[in-house]
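Okay, so here's the structure we're looking at.
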Amino acid sequence: MRRRSLIAAAPVLLAAACTSAPPAPPPIAVFFTADSATLDAEAQAVVRGAAEAAKARPGLDVVVLGFAGPAGGVAYNVALSEARAQHVADMLVREGVARGRIRISPRGPVPFEAIATESRRVEIRIGG
């Protein structure tokens with residue numbers, strides 16, 4: 001009996017799998033210059049792409065994580081990481097992502113990565 005139930009349910013399960021949203025993409029990184037929360041042309045292009053990816057997955061939340069390098073004071077870098085995340089979130093909204101789907105999470109200063117600019121970033125995570 002159990003096997004018969006699975007066979008009968010197979011078309012429904014297959015249809016659900018084919019119509020479900022595409023899987024969440026890996027985090028998308030937007031990089032900044034030192035002491036800046038300004039989105040240059042390259043960063044704007046990245047955010048536009050992230051907005052398209054988010055709009056293709058309307059059921060998933062979007063988390064915007066802001067980071068800053070370790071140079072300078074902690075309070076300054078927390079504020080800078082928040083400003084970076086806010087600028088990216090604002091552009092996502094302008095590109096058509098519903099503000100209610102977006103959560104901002106400033107992370108503040110982090111140690112320099114292999115390349116210093118990697119610490120000065122925002123990560124966009126679609127699906128958390």
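Ordering of the structure tokens sets the chain letters (A, B, ...); residue numbers start at 1 within each chain; ligands are numbered from 1 in the order shown.
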What are the closest atom pairs, with distances in Å to one decimal, for each residue of region 22-64 of chain A lying within 8 Å of region 83-99 of chain A, using only C-alpha atoms, rows by chain and rising residue number, as CSV?
residue,atom,partner,partner_atom,distance
A:Ser36,CA,A:Arg84,CA,7.8
A:Ala37,CA,A:Arg84,CA,4.6
A:Thr38,CA,A:Arg84,CA,7.4
A:Leu39,CA,A:His87,CA,7.7
A:Val47,CA,A:Leu92,CA,6.6
A:Arg48,CA,A:Glu95,CA,6.6
A:Ala50,CA,A:Leu92,CA,7.7
A:Ala51,CA,A:Leu92,CA,5.5
A:Ala54,CA,A:Val97,CA,6.9
A:Lys55,CA,A:Val97,CA,6.2
A:Val64,CA,A:Ala85,CA,5.8
Next, the residues of the selection above should be written as a compact mmCIF listing (two decimals), in the first residue's frame with C-alpha atoms.
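Contents of out.txt, freshly written:
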# COMPACT_ATOMS: atom_id res chain seq x y z
CA SER A 36 33.79 55.07 1.69
CA ALA A 37 30.22 53.85 1.47
CA THR A 38 29.83 55.10 -2.10
CA LEU A 39 28.86 52.62 -4.79
CA VAL A 47 23.96 45.26 -6.95
CA ARG A 48 21.77 45.34 -10.08
CA ALA A 50 21.87 40.83 -7.11
CA ALA A 51 18.50 42.59 -7.43
CA ALA A 54 16.48 38.38 -5.64
CA LYS A 55 13.50 39.18 -7.86
CA VAL A 64 22.76 42.58 3.52
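Pairwise distance (CA of Ala29 (chain A), CA of Val46 (chain A)) equals 7.8 Å.
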Set the distance at 7 Å and use only C-alpha atoms: which residues neighbour Val110 (chain A) once local chain neighbours fewer than 2 positions away are removed? I'd like the list as a VMD selection string. chain A and resid 67 to 70 108 112 119
Save the residues we just selected, C-alpha atoms, as a PDB file, in the first residue's frame?
ATOM      1  CA  PHE A  67      31.893  44.980   6.765  1.00  0.00           C
ATOM      2  CA  ALA A  68      34.786  47.395   7.299  1.00  0.00           C
ATOM      3  CA  GLY A  69      38.515  46.948   7.662  1.00  0.00           C
ATOM      4  CA  PRO A  70      40.250  47.111  11.046  1.00  0.00           C
ATOM      5  CA  GLY A 108      31.732  46.283  11.775  1.00  0.00           C
ATOM      6  CA  PHE A 112      42.188  42.393   6.688  1.00  0.00           C
ATOM      7  CA  SER A 119      37.521  43.441   4.218  1.00  0.00           C
TER       8      SER A 119
END
Excluding Val78 (chain A) and its own-chain neighbours fewer than 6 positions away, which residues fall within 7 Å of it when counting only C-alpha atoms? Please give them as a PyMOL selection string. chain A and resi 106-109
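The nearest approach to Ile124 (chain A) among the residues A:Pro111, A:Val62, A:Ala75, A:Arg103, with only C-alpha atoms taken into account, belongs to A:Val62.
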Coordinates-based distance that separates CA of Val122 (chain A) from CA of Pro58 (chain A) (Å, one decimal): 21.0 Å
List every residue of chain A that DSSP, applied to the backbone of this structure, assigns to helix (DSSP H, G or I), and report them as a compact mmCIF listing (two decimals) with N, CA and C atoms, in the first residue's frame.
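Writing the result to part-v8.txt gives the following:
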# COMPACT_ATOMS: atom_id res chain seq x y z
N ARG A 2 1.88 1.27 0.78
CA ARG A 2 2.73 2.45 0.86
C ARG A 2 3.37 2.76 -0.49
N ARG A 3 3.82 1.72 -1.19
CA ARG A 3 4.44 1.92 -2.50
C ARG A 3 3.43 2.52 -3.48
N ARG A 4 2.23 2.05 -3.43
CA ARG A 4 1.19 2.55 -4.32
C ARG A 4 0.94 4.04 -4.05
N SER A 5 0.98 4.45 -2.78
CA SER A 5 0.78 5.86 -2.43
C SER A 5 1.90 6.73 -3.00
N LEU A 6 3.12 6.22 -2.93
CA LEU A 6 4.25 6.98 -3.48
C LEU A 6 4.16 7.09 -4.98
N ILE A 7 3.77 6.03 -5.65
CA ILE A 7 3.62 6.06 -7.10
C ILE A 7 2.53 7.04 -7.50
N ALA A 8 1.44 7.03 -6.79
CA ALA A 8 0.35 7.95 -7.09
C ALA A 8 0.76 9.40 -6.85
N ALA A 9 1.61 9.62 -5.87
CA ALA A 9 2.04 10.98 -5.53
C ALA A 9 3.16 11.48 -6.41
N ALA A 10 3.80 10.60 -7.16
CA ALA A 10 4.97 10.98 -7.96
C ALA A 10 4.70 12.15 -8.91
N PRO A 11 3.60 12.17 -9.67
CA PRO A 11 3.38 13.32 -10.56
C PRO A 11 3.26 14.64 -9.81
N VAL A 12 2.64 14.61 -8.65
CA VAL A 12 2.50 15.82 -7.85
C VAL A 12 3.86 16.29 -7.34
N LEU A 13 4.66 15.36 -6.84
CA LEU A 13 5.99 15.69 -6.35
C LEU A 13 6.88 16.23 -7.47
N LEU A 14 6.81 15.61 -8.65
CA LEU A 14 7.60 16.06 -9.78
C LEU A 14 7.18 17.45 -10.21
N ALA A 15 5.89 17.71 -10.27
CA ALA A 15 5.41 19.04 -10.65
C ALA A 15 5.87 20.09 -9.65
N ALA A 16 5.83 19.77 -8.37
CA ALA A 16 6.28 20.72 -7.35
C ALA A 16 7.76 21.00 -7.49
N ALA A 17 8.54 19.98 -7.77
CA ALA A 17 9.98 20.17 -7.93
C ALA A 17 10.30 21.02 -9.14
N CYS A 18 9.54 20.88 -10.20
CA CYS A 18 9.80 21.64 -11.43
C CYS A 18 9.35 23.08 -11.33
N THR A 19 8.39 23.38 -10.45
CA THR A 19 7.88 24.74 -10.36
C THR A 19 8.45 25.49 -9.16
N ALA A 41 30.61 52.54 -10.21
CA ALA A 41 29.89 51.93 -11.32
C ALA A 41 29.96 50.40 -11.27
N GLU A 42 31.11 49.86 -10.93
CA GLU A 42 31.26 48.41 -10.86
C GLU A 42 30.38 47.83 -9.74
N ALA A 43 30.38 48.48 -8.59
CA ALA A 43 29.57 48.02 -7.46
C ALA A 43 28.08 48.13 -7.80
N GLN A 44 27.68 49.19 -8.49
CA GLN A 44 26.28 49.34 -8.88
C GLN A 44 25.85 48.20 -9.81
N ALA A 45 26.73 47.81 -10.71
CA ALA A 45 26.42 46.69 -11.62
C ALA A 45 26.22 45.39 -10.83
N VAL A 46 27.04 45.19 -9.82
CA VAL A 46 26.93 43.99 -8.98
C VAL A 46 25.59 44.01 -8.24
N VAL A 47 25.22 45.16 -7.69
CA VAL A 47 23.96 45.26 -6.95
C VAL A 47 22.77 45.05 -7.89
N ARG A 48 22.85 45.57 -9.11
CA ARG A 48 21.77 45.34 -10.08
C ARG A 48 21.60 43.84 -10.35
N GLY A 49 22.72 43.15 -10.51
CA GLY A 49 22.66 41.70 -10.71
C GLY A 49 22.06 40.99 -9.52
N ALA A 50 22.43 41.43 -8.33
CA ALA A 50 21.87 40.83 -7.11
C ALA A 50 20.37 41.09 -7.02
N ALA A 51 19.94 42.28 -7.44
CA ALA A 51 18.50 42.59 -7.43
C ALA A 51 17.75 41.66 -8.37
N GLU A 52 18.32 41.41 -9.53
CA GLU A 52 17.67 40.49 -10.48
C GLU A 52 17.58 39.09 -9.89
N ALA A 53 18.65 38.65 -9.23
CA ALA A 53 18.65 37.33 -8.60
C ALA A 53 17.60 37.27 -7.49
N ALA A 54 17.47 38.34 -6.72
CA ALA A 54 16.48 38.38 -5.64
C ALA A 54 15.06 38.38 -6.20
N LYS A 55 14.84 39.13 -7.27
CA LYS A 55 13.50 39.18 -7.86
C LYS A 55 13.11 37.84 -8.48
N VAL A 74 36.65 51.36 16.42
CA VAL A 74 35.56 50.39 16.28
C VAL A 74 34.24 51.10 15.97
N ALA A 75 33.92 52.16 16.71
CA ALA A 75 32.65 52.86 16.50
C ALA A 75 32.56 53.40 15.08
N TYR A 76 33.65 53.97 14.58
CA TYR A 76 33.69 54.49 13.21
C TYR A 76 33.42 53.37 12.21
N ASN A 77 34.08 52.24 12.39
CA ASN A 77 33.95 51.14 11.44
C ASN A 77 32.58 50.45 11.52
N VAL A 78 31.98 50.42 12.68
CA VAL A 78 30.61 49.89 12.79
C VAL A 78 29.67 50.80 12.01
N ALA A 79 29.81 52.11 12.19
CA ALA A 79 28.97 53.07 11.45
C ALA A 79 29.22 52.96 9.95
N LEU A 80 30.46 52.80 9.54
CA LEU A 80 30.80 52.68 8.13
C LEU A 80 30.21 51.39 7.55
N SER A 81 30.30 50.29 8.28
CA SER A 81 29.74 49.03 7.78
C SER A 81 28.22 49.14 7.66
N GLU A 82 27.59 49.86 8.58
CA GLU A 82 26.14 50.07 8.50
C GLU A 82 25.78 50.95 7.32
N ALA A 83 26.55 52.01 7.09
CA ALA A 83 26.29 52.90 5.94
C ALA A 83 26.44 52.14 4.63
N ARG A 84 27.45 51.30 4.54
CA ARG A 84 27.64 50.50 3.32
C ARG A 84 26.45 49.58 3.09
N ALA A 85 26.04 48.88 4.13
CA ALA A 85 24.90 47.97 4.00
C ALA A 85 23.63 48.73 3.64
N GLN A 86 23.43 49.90 4.24
CA GLN A 86 22.24 50.70 3.96
C GLN A 86 22.21 51.18 2.51
N HIS A 87 23.37 51.62 1.99
CA HIS A 87 23.43 52.07 0.60
C HIS A 87 23.09 50.93 -0.36
N VAL A 88 23.61 49.75 -0.08
CA VAL A 88 23.31 48.59 -0.92
C VAL A 88 21.83 48.24 -0.83
N ALA A 89 21.28 48.22 0.38
CA ALA A 89 19.86 47.91 0.56
C ALA A 89 18.98 48.92 -0.16
N ASP A 90 19.33 50.21 -0.07
CA ASP A 90 18.57 51.25 -0.76
C ASP A 90 18.58 51.04 -2.27
N MET A 91 19.73 50.65 -2.81
CA MET A 91 19.80 50.42 -4.25
C MET A 91 19.00 49.17 -4.64
N LEU A 92 19.03 48.14 -3.82
CA LEU A 92 18.21 46.96 -4.09
C LEU A 92 16.74 47.34 -4.18
N VAL A 93 16.29 48.21 -3.28
CA VAL A 93 14.90 48.67 -3.30
C VAL A 93 14.63 49.46 -4.59
N ARG A 94 15.54 50.36 -4.96
CA ARG A 94 15.36 51.12 -6.20
C ARG A 94 15.30 50.21 -7.43
N ARG A 99 11.32 46.28 0.11
CA ARG A 99 12.07 46.63 1.32
C ARG A 99 11.80 45.65 2.45
N GLY A 100 10.60 45.14 2.55
CA GLY A 100 10.24 44.21 3.61
C GLY A 100 10.99 42.88 3.57
N ARG A 101 11.59 42.57 2.43
CA ARG A 101 12.37 41.33 2.29
C ARG A 101 13.80 41.50 2.75
N ALA A 116 43.35 43.68 1.08
CA ALA A 116 42.69 44.61 2.02
C ALA A 116 41.27 44.96 1.60
N THR A 117 41.03 45.15 0.31
CA THR A 117 39.70 45.55 -0.13
C THR A 117 38.64 44.48 0.17
N GLU A 118 39.04 43.23 0.35
CA GLU A 118 38.07 42.19 0.67
C GLU A 118 37.43 42.41 2.03
N SER A 119 38.10 43.12 2.91
CA SER A 119 37.52 43.44 4.22
C SER A 119 36.52 44.58 4.11
How many Å lie between CA of Ala71 (chain A) and CA of Phe32 (chain A), rounded to one decimal? 14.2 Å
